[in-house]
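Next comes final-v2.txt, with compact mmCIF, C-alpha atoms.
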# COMPACT_ATOMS: atom_id res chain seq x y z
CA MET U 686 -15.05 42.94 23.02
CA ALA U 687 -15.32 39.28 23.98
CA VAL U 688 -12.63 36.62 23.73
CA LEU U 689 -12.24 34.81 20.42
CA ALA U 690 -14.84 32.15 19.69
CA GLU U 691 -13.84 28.53 20.22
CA GLY U 692 -13.59 27.93 16.49
CA ALA U 693 -11.36 30.95 16.00
CA ARG U 694 -9.06 29.85 18.82
CA ALA U 695 -8.86 26.37 17.31
CA THR U 696 -7.98 27.78 13.89
CA LEU U 697 -5.36 30.05 15.43
CA TRP U 698 -3.87 27.12 17.35
CA ALA U 699 -3.70 24.97 14.22
CA ASP U 700 -2.14 27.79 12.19
CA LEU U 701 0.39 28.42 14.97
CA MET U 702 1.48 24.76 14.93
CA ARG U 703 1.82 24.84 11.14
CA ARG U 704 3.91 27.99 11.40
CA MET U 705 6.15 26.49 14.08
CA SER U 706 6.57 23.37 11.93
CA ALA U 707 7.45 25.38 8.84
CA ILE U 708 10.27 27.23 10.61
CA GLY U 709 11.37 24.27 12.75
CA GLU U 710 10.73 26.02 16.06
CA PRO U 711 11.29 23.35 18.77
CA VAL U 712 8.18 22.83 20.88
CA SER U 713 8.67 21.05 24.17
CA ILE U 714 5.03 21.13 25.29
CA THR U 715 2.07 19.09 24.09
CA LYS U 716 -0.67 20.26 21.70
CA ALA U 717 -3.09 20.65 24.57
CA GLU U 718 -0.60 22.67 26.63
CA LEU U 719 0.05 24.92 23.62
CA ARG U 720 -3.67 25.41 23.21
CA ASN U 721 -3.90 26.49 26.86
CA VAL U 722 -1.25 29.13 26.16
CA VAL U 723 -3.20 30.36 23.14
CA ASN U 724 -6.36 30.61 25.23
CA ALA U 725 -4.57 32.44 28.02
CA ALA U 726 -3.03 34.91 25.57
CA ASP U 727 -6.45 35.68 24.13
CA ASP U 728 -7.90 36.02 27.62
CA TRP U 729 -5.12 38.47 28.52
CA VAL U 730 -5.67 40.56 25.39
CA ASN U 731 -9.37 40.70 26.15
CA ALA U 732 -8.85 41.60 29.80
CA ASN U 733 -6.34 44.34 28.98
CA ALA U 734 -7.93 45.87 25.92
CA ALA U 735 -9.21 48.86 27.85
CA SER U 736 -5.87 49.36 29.56
CA TYR U 737 -4.09 49.36 26.18
CA ASN U 738 -6.54 51.86 24.78
CA ALA U 739 -6.11 54.13 27.80
CA ALA U 740 -2.35 54.09 27.28
CA LEU U 741 -2.63 55.58 23.80
CA PRO U 742 -2.23 59.35 23.53
CA GLN U 743 -4.76 61.68 22.03
CA PRO U 744 -5.73 62.45 19.36
CA GLY U 745 -4.85 58.92 18.20
CA ARG U 746 -6.92 57.24 20.85
CA SER U 747 -10.09 58.91 19.58
CA ALA U 748 -9.27 59.32 15.90
CA LEU U 749 -8.09 55.80 15.07
CA SER U 750 -10.46 52.90 14.64
CA VAL U 751 -10.37 49.92 16.98
CA ALA U 752 -9.02 47.82 14.14
CA ALA U 753 -6.25 50.31 13.45
CA LYS U 754 -5.21 50.46 17.10
CA ARG U 755 -5.19 46.66 17.23
CA ALA U 756 -3.04 46.50 14.10
CA ILE U 757 -0.56 48.95 15.63
CA LEU U 758 -0.13 46.67 18.63
CA VAL U 759 0.45 43.68 16.31
CA PHE U 760 3.04 45.63 14.31
CA VAL U 761 4.87 46.68 17.46
CA ILE U 762 4.99 43.13 18.82
CA ASN U 763 6.15 41.73 15.48
CA LYS U 764 8.89 44.32 15.24
CA ARG U 765 10.10 43.49 18.72
CA ASN U 766 10.31 39.82 17.68
CA GLU U 767 11.54 40.32 14.16
CA ASP U 768 13.79 37.27 14.10
CA ASP U 769 11.33 34.97 15.88
CA LEU U 770 7.85 33.78 15.07
CA MET W 632 9.27 -10.77 9.33
CA ALA W 633 10.16 -10.04 5.74
CA THR W 634 9.82 -6.68 4.05
CA ARG W 635 7.63 -7.17 1.00
CA ALA W 636 7.44 -3.58 -0.19
CA ILE W 637 8.88 -0.20 0.63
CA PHE W 638 6.67 2.81 0.05
CA LEU W 639 8.27 6.21 -0.37
CA PRO W 640 6.63 9.64 -0.41
CA GLU W 641 7.14 9.97 -4.14
CA SER W 642 4.78 7.06 -4.83
CA ALA W 643 1.97 8.15 -2.49
CA SER W 644 -1.43 9.18 -3.78
CA MET W 645 -4.03 11.31 -2.05
CA PRO W 646 -7.78 11.35 -1.40
CA SER W 647 -9.69 14.32 -2.73
CA ALA W 648 -10.01 15.94 0.71
CA THR W 649 -8.06 16.05 4.00
CA PHE W 650 -5.02 14.68 2.23
CA ALA W 651 -1.47 14.63 3.58
CA PRO W 652 0.64 16.36 0.95
CA ILE W 653 4.10 15.49 -0.32
CA THR W 654 6.65 18.13 0.55
CA GLU W 655 10.40 18.44 0.74
CA VAL W 656 12.45 18.97 3.89
CA ASN W 657 16.21 19.32 3.67
CA ALA W 658 16.11 17.80 0.15
CA ARG W 659 14.19 14.79 1.46
CA LYS W 660 10.71 13.98 0.17
CA VAL W 661 8.25 13.53 3.05
CA ILE W 662 4.52 13.17 3.59
CA ARG W 663 3.36 16.00 5.85
CA PHE W 664 0.70 15.15 8.45
CA ASP W 665 -0.97 18.06 10.20
CA ALA W 666 -1.31 18.24 13.99
CA ALA W 667 -4.88 19.53 14.11
CA THR W 668 -6.67 17.66 11.31
CA ALA W 669 -6.67 13.95 10.40
CA TRP W 670 -4.96 13.82 7.02
CA THR W 671 -4.57 10.69 4.88
CA CYS W 672 -2.41 9.36 2.07
CA TYR W 673 -2.45 6.10 0.14
CA TRP W 674 0.10 3.68 -1.21
CA THR W 675 -0.70 1.06 -3.83
CA GLY W 676 0.77 -2.34 -4.58
CA ILE W 677 0.21 -5.86 -5.78
CA ALA W 678 0.37 -8.42 -2.99
CA PRO W 679 3.43 -10.55 -3.76
CA VAL W 680 3.52 -14.29 -4.34
CA GLY W 681 4.28 -16.10 -1.10
CA LEU W 682 2.56 -13.53 1.09
CA THR W 683 2.07 -15.28 4.39
CA GLY W 684 1.00 -14.79 7.98
CA ALA W 685 0.38 -11.60 9.86
CA LEU W 686 0.92 -8.43 7.89
CA THR W 687 2.45 -5.32 9.42
CA VAL W 688 3.33 -1.82 8.39
CA VAL W 689 6.28 0.05 9.84
CA GLY W 690 6.23 3.80 9.43
CA HIS W 691 9.38 5.91 9.69
CA TYR W 692 8.87 9.53 10.62
CA MET W 693 10.34 12.70 12.08
CA MET W 694 8.65 15.60 13.84
CA ALA W 695 8.91 19.11 12.43
CA SER W 696 8.98 20.86 15.78
CA ALA W 697 7.72 18.66 18.63
CA THR W 698 10.19 17.30 21.15
CA THR W 699 7.61 15.80 23.50
CA GLY W 700 4.32 13.91 23.37
CA LYS W 701 3.05 11.07 21.24
CA VAL W 702 1.96 10.76 17.62
CA ASP W 703 -0.83 8.42 16.58
CA PHE W 704 -1.66 6.81 13.25
CA THR W 705 -4.17 4.35 11.82
CA VAL W 706 -3.74 2.10 8.80
CA ALA W 707 -6.58 0.76 6.68
CA VAL W 708 -6.31 -1.87 3.95
CA GLU W 709 -8.22 -2.22 0.71
CA ALA W 710 -7.50 -5.49 -1.15
CA VAL W 711 -9.19 -6.37 -4.44
CA THR W 712 -8.93 -9.72 -6.17
CA PRO W 713 -9.46 -9.76 -9.96
CA GLY W 714 -13.12 -10.54 -10.44
CA ASP W 715 -14.29 -8.96 -7.19
CA SER W 716 -17.41 -6.84 -7.47
CA THR W 717 -15.60 -3.68 -6.41
CA ASP W 718 -16.06 -0.64 -8.64
CA LEU W 719 -12.58 0.91 -8.52
CA ASP W 720 -13.56 4.07 -10.36
CA ALA W 721 -16.57 4.82 -8.19
CA GLY W 722 -15.50 4.43 -4.55
CA THR W 723 -13.28 2.84 -1.95
CA SER W 724 -13.49 -0.43 -0.12
CA PHE W 725 -11.24 -0.12 2.89
CA ALA W 726 -11.60 -2.55 5.80
CA THR W 727 -11.84 -1.45 9.43
CA VAL W 728 -8.88 0.69 10.45
CA ASN W 729 -5.97 -0.82 12.35
CA THR W 730 -4.53 1.10 15.27
CA ILE W 731 -1.06 1.40 16.76
CA THR W 732 0.43 1.94 20.17
CA ALA W 733 1.28 5.60 19.75
CA PRO W 734 5.03 6.11 20.14
CA THR W 735 6.62 8.91 22.12
CA VAL W 736 8.29 11.19 19.60
CA PRO W 737 12.09 11.61 19.58
CA GLY W 738 13.42 14.23 21.98
CA THR W 739 14.90 16.27 19.14
CA ALA W 740 12.83 17.46 16.20
CA GLY W 741 14.21 15.96 13.00
CA TYR W 742 15.40 12.74 14.62
CA LEU W 743 13.99 9.54 13.11
CA GLY W 744 11.30 7.58 14.92
CA SER W 745 9.14 4.64 13.89
CA PHE W 746 5.83 2.97 14.64
CA THR W 747 4.48 -0.49 13.87
CA CYS W 748 0.93 -1.36 12.90
CA THR W 749 -0.29 -4.95 12.82
CA LEU W 750 -2.82 -5.26 10.02
CA THR W 751 -5.33 -7.36 11.93
CA ASN W 752 -8.00 -6.11 9.51
CA ASP W 753 -6.26 -6.83 6.21
CA ASP W 754 -9.37 -7.05 4.00
CA SER W 755 -8.46 -10.73 3.42
CA MET W 756 -5.47 -9.75 1.30
CA ALA W 757 -4.05 -12.62 -0.74
CA ALA W 758 -1.13 -12.95 -3.13
CA GLY W 759 -1.95 -11.28 -6.43
CA ASP W 760 -4.45 -8.81 -4.96
CA TYR W 761 -4.37 -5.18 -6.00
CA PHE W 762 -4.16 -3.40 -2.67
CA ARG W 763 -3.93 0.01 -1.10
CA ILE W 764 -3.01 1.05 2.39
CA ALA W 765 -4.40 4.28 3.82
CA LEU W 766 -2.19 5.96 6.40
CA THR W 767 -3.93 8.56 8.58
CA ARG W 768 -2.57 10.60 11.47
CA ASP W 769 -5.18 10.42 14.21
CA ALA W 770 -4.61 14.08 15.00
CA THR W 771 -7.92 14.57 16.80
CA ASP W 772 -7.21 11.83 19.39
CA GLY W 773 -6.40 14.04 22.35
CA THR W 774 -5.13 11.12 24.42
CA ASN W 775 -2.79 9.40 21.98
CA ASP W 776 -1.78 12.19 19.60
CA THR W 777 -0.33 14.89 21.81
CA ALA W 778 2.79 16.02 19.96
CA SER W 779 2.43 19.47 18.47
CA GLY W 780 3.21 20.38 14.89
CA ASP W 781 3.64 18.43 11.70
CA CYS W 782 4.76 14.81 11.49
CA TYR W 783 6.83 13.98 8.40
CA VAL W 784 6.61 10.35 7.27
CA VAL W 785 9.72 9.51 5.26
CA ALA W 786 9.07 5.85 4.38
CA VAL W 787 6.73 2.94 5.07
CA GLU W 788 7.61 -0.74 5.06
CA PHE W 789 5.04 -3.43 4.26
CA LYS W 790 5.94 -6.75 5.89
CA ASP W 791 4.62 -10.24 6.24
CA ALA W 792 5.50 -13.12 8.57
CA ALA W 793 7.96 -14.90 6.24

In C-alpha cells, write the structure found in this file.
Amino acid sequence: MAVLAEGARATLWADLMRRMSAIGEPVSITKAELRNVVNAADDWVNANAASYNAALPQPGRSALSVAAKRAILVFVINKRNEDDL
Amino acid sequence: MATRAIFLPESASMPSATFAPITEVNARKVIRFDAATAWTCYWTGIAPVGLTGALTVVGHYMMASATTGKVDFTVAVEAVTPGDSTDLDAGTSFATVNTITAPTVPGTAGYLGSFTCTLTNDDSMAAGDYFRIALTRDATDGTNDTASGDCYVVAVEFKDAA
C-alpha cells in the first residue's frame, strides 16, 4: 500500500488541528511543523505495514482482512492513549 | 483614535460558504476561524456622523491551542450610500482587502492578543453609509499564518482618527 495521497494528508492535518483546538491541547509547533509530523507518521505506517502484519499470529494474520487488521492497530493505540487525543 | 463601534460575535453574520461560525468557549461567545481554510464573517453598521480620517479595525482574539507562530487576517470594506447603484439582495461590493502585520500569538493558549488593520481601502466610506466589514483569517498564507489550530475572535473595534 502506498502512503496517503496529498489531499488525504491535508484533510487529516486539518482535522487534527480542529481536534486539538476542540480539546485545548497546547501546540508549541507551527502548522507546517505539525504537517511534517503527520507526513512522517504516515510514512512510518507505510514503511512498517509488512512488519506489523508479520507480527500478527495465525490464523488471524491470514483470516482477517487488511482493513480489520488496520482497525485493530487503531483500537490498540487509542486504548493506550485513552485520556489523550 | 476614537472607537466608533464595537462588534461582538453575537452580531456577526456569515457568507453562504467558508464561513467562520459563532461558538461558545468558557461561556464566552467567539467567532471560530479554522487553521486550514480561509473562513470569513461579516459585521454591519451605519457609518457615524463625524467619521473622519484613517479608519482602522482592531481585532481581539485568543488561540484555541497554539502557543507559537503567527496568525494572519484580512479586512475588506463594503460601503453603500443611499442611492448607490448597488443591488444589496443580489451580490456584494467589497473593496480590495486590507492586510495586517501578522502578530505572534500569545505564548499561552487562551491568553488575549490583538491585531490592527488600517483600512486603506475603505470603499470611500462616508458618514451615513450602510457598511459591512469582512474579516477573514488568511489561513492558507504559509508565511504569515503559521499558528496551528483555531483562532477565536472575541471582539472587533472599528475606529477613526478623531

Distance cut-off 6 Å, counting only C-alpha atoms - which residues of chain W neighbour chain U? Return them as a PDB file with C-alpha atoms, in the coordinates of the input.
ATOM      1  CA  ALA W 667      -4.880  19.530  14.110  1.00  0.00           C
ATOM      2  CA  ALA W 695       8.910  19.110  12.430  1.00  0.00           C
ATOM      3  CA  SER W 696       8.980  20.860  15.780  1.00  0.00           C
ATOM      4  CA  ALA W 697       7.720  18.660  18.630  1.00  0.00           C
ATOM      5  CA  THR W 698      10.190  17.300  21.150  1.00  0.00           C
ATOM      6  CA  THR W 699       7.610  15.800  23.500  1.00  0.00           C
ATOM      7  CA  GLY W 700       4.320  13.910  23.370  1.00  0.00           C
ATOM      8  CA  THR W 777      -0.330  14.890  21.810  1.00  0.00           C
ATOM      9  CA  ALA W 778       2.790  16.020  19.960  1.00  0.00           C
ATOM     10  CA  SER W 779       2.430  19.470  18.470  1.00  0.00           C
ATOM     11  CA  GLY W 780       3.210  20.380  14.890  1.00  0.00           C
ATOM     12  CA  ASP W 781       3.640  18.430  11.700  1.00  0.00           C
TER      13      ASP W 781
END

Considering only C-alpha atoms, can you say which of U:Phe760, U:Val722, U:Gly692, U:Lys754 comes closest to Ala739 (chain U)?
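Using only C-alpha atoms, Ala739 (chain U) sits closest to U:Lys754.
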
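From CA of Cys782 (chain W) back to CA of Tyr761 (chain W), the distance works out to 28.1 Å.
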
From the list U:Ala725, U:Asn738, U:Ala690, U:Asn766, which residue is nearest Ser750 (chain U) when using only C-alpha atoms?
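Closest candidate: U:Asn738.
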
re CA of Arg763 (chain W) and CA of Met645 (chain W): distance 11.3 Å

Identify, on the basis of only C-alpha atoms, every residue whose closest approach to region 675-692 of chain W does not exceed 7 Å; exclude the query and any residue fewer than 2 positions from it along the same chain; express the result as a ChimeraX atom specification.
/W:673,694,743-750,757-764,782-793

Residues within 10 Å of Ala687 (chain U), only C-alpha atoms, excluding chain neighbours under 4 positions, as an mmCIF file with C-alpha atoms, keeping the file's coordinate frame:
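Generated output (part.cif):
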data_model
loop_
_atom_site.group_PDB
_atom_site.id
_atom_site.type_symbol
_atom_site.label_atom_id
_atom_site.label_comp_id
_atom_site.auth_asym_id
_atom_site.auth_seq_id
_atom_site.Cartn_x
_atom_site.Cartn_y
_atom_site.Cartn_z
ATOM 1 C CA ASP U 727 -6.450 35.680 24.130
ATOM 2 C CA ASP U 728 -7.900 36.020 27.620
ATOM 3 C CA VAL U 730 -5.670 40.560 25.390
ATOM 4 C CA ASN U 731 -9.370 40.700 26.150
ATOM 5 C CA ALA U 732 -8.850 41.600 29.800
#
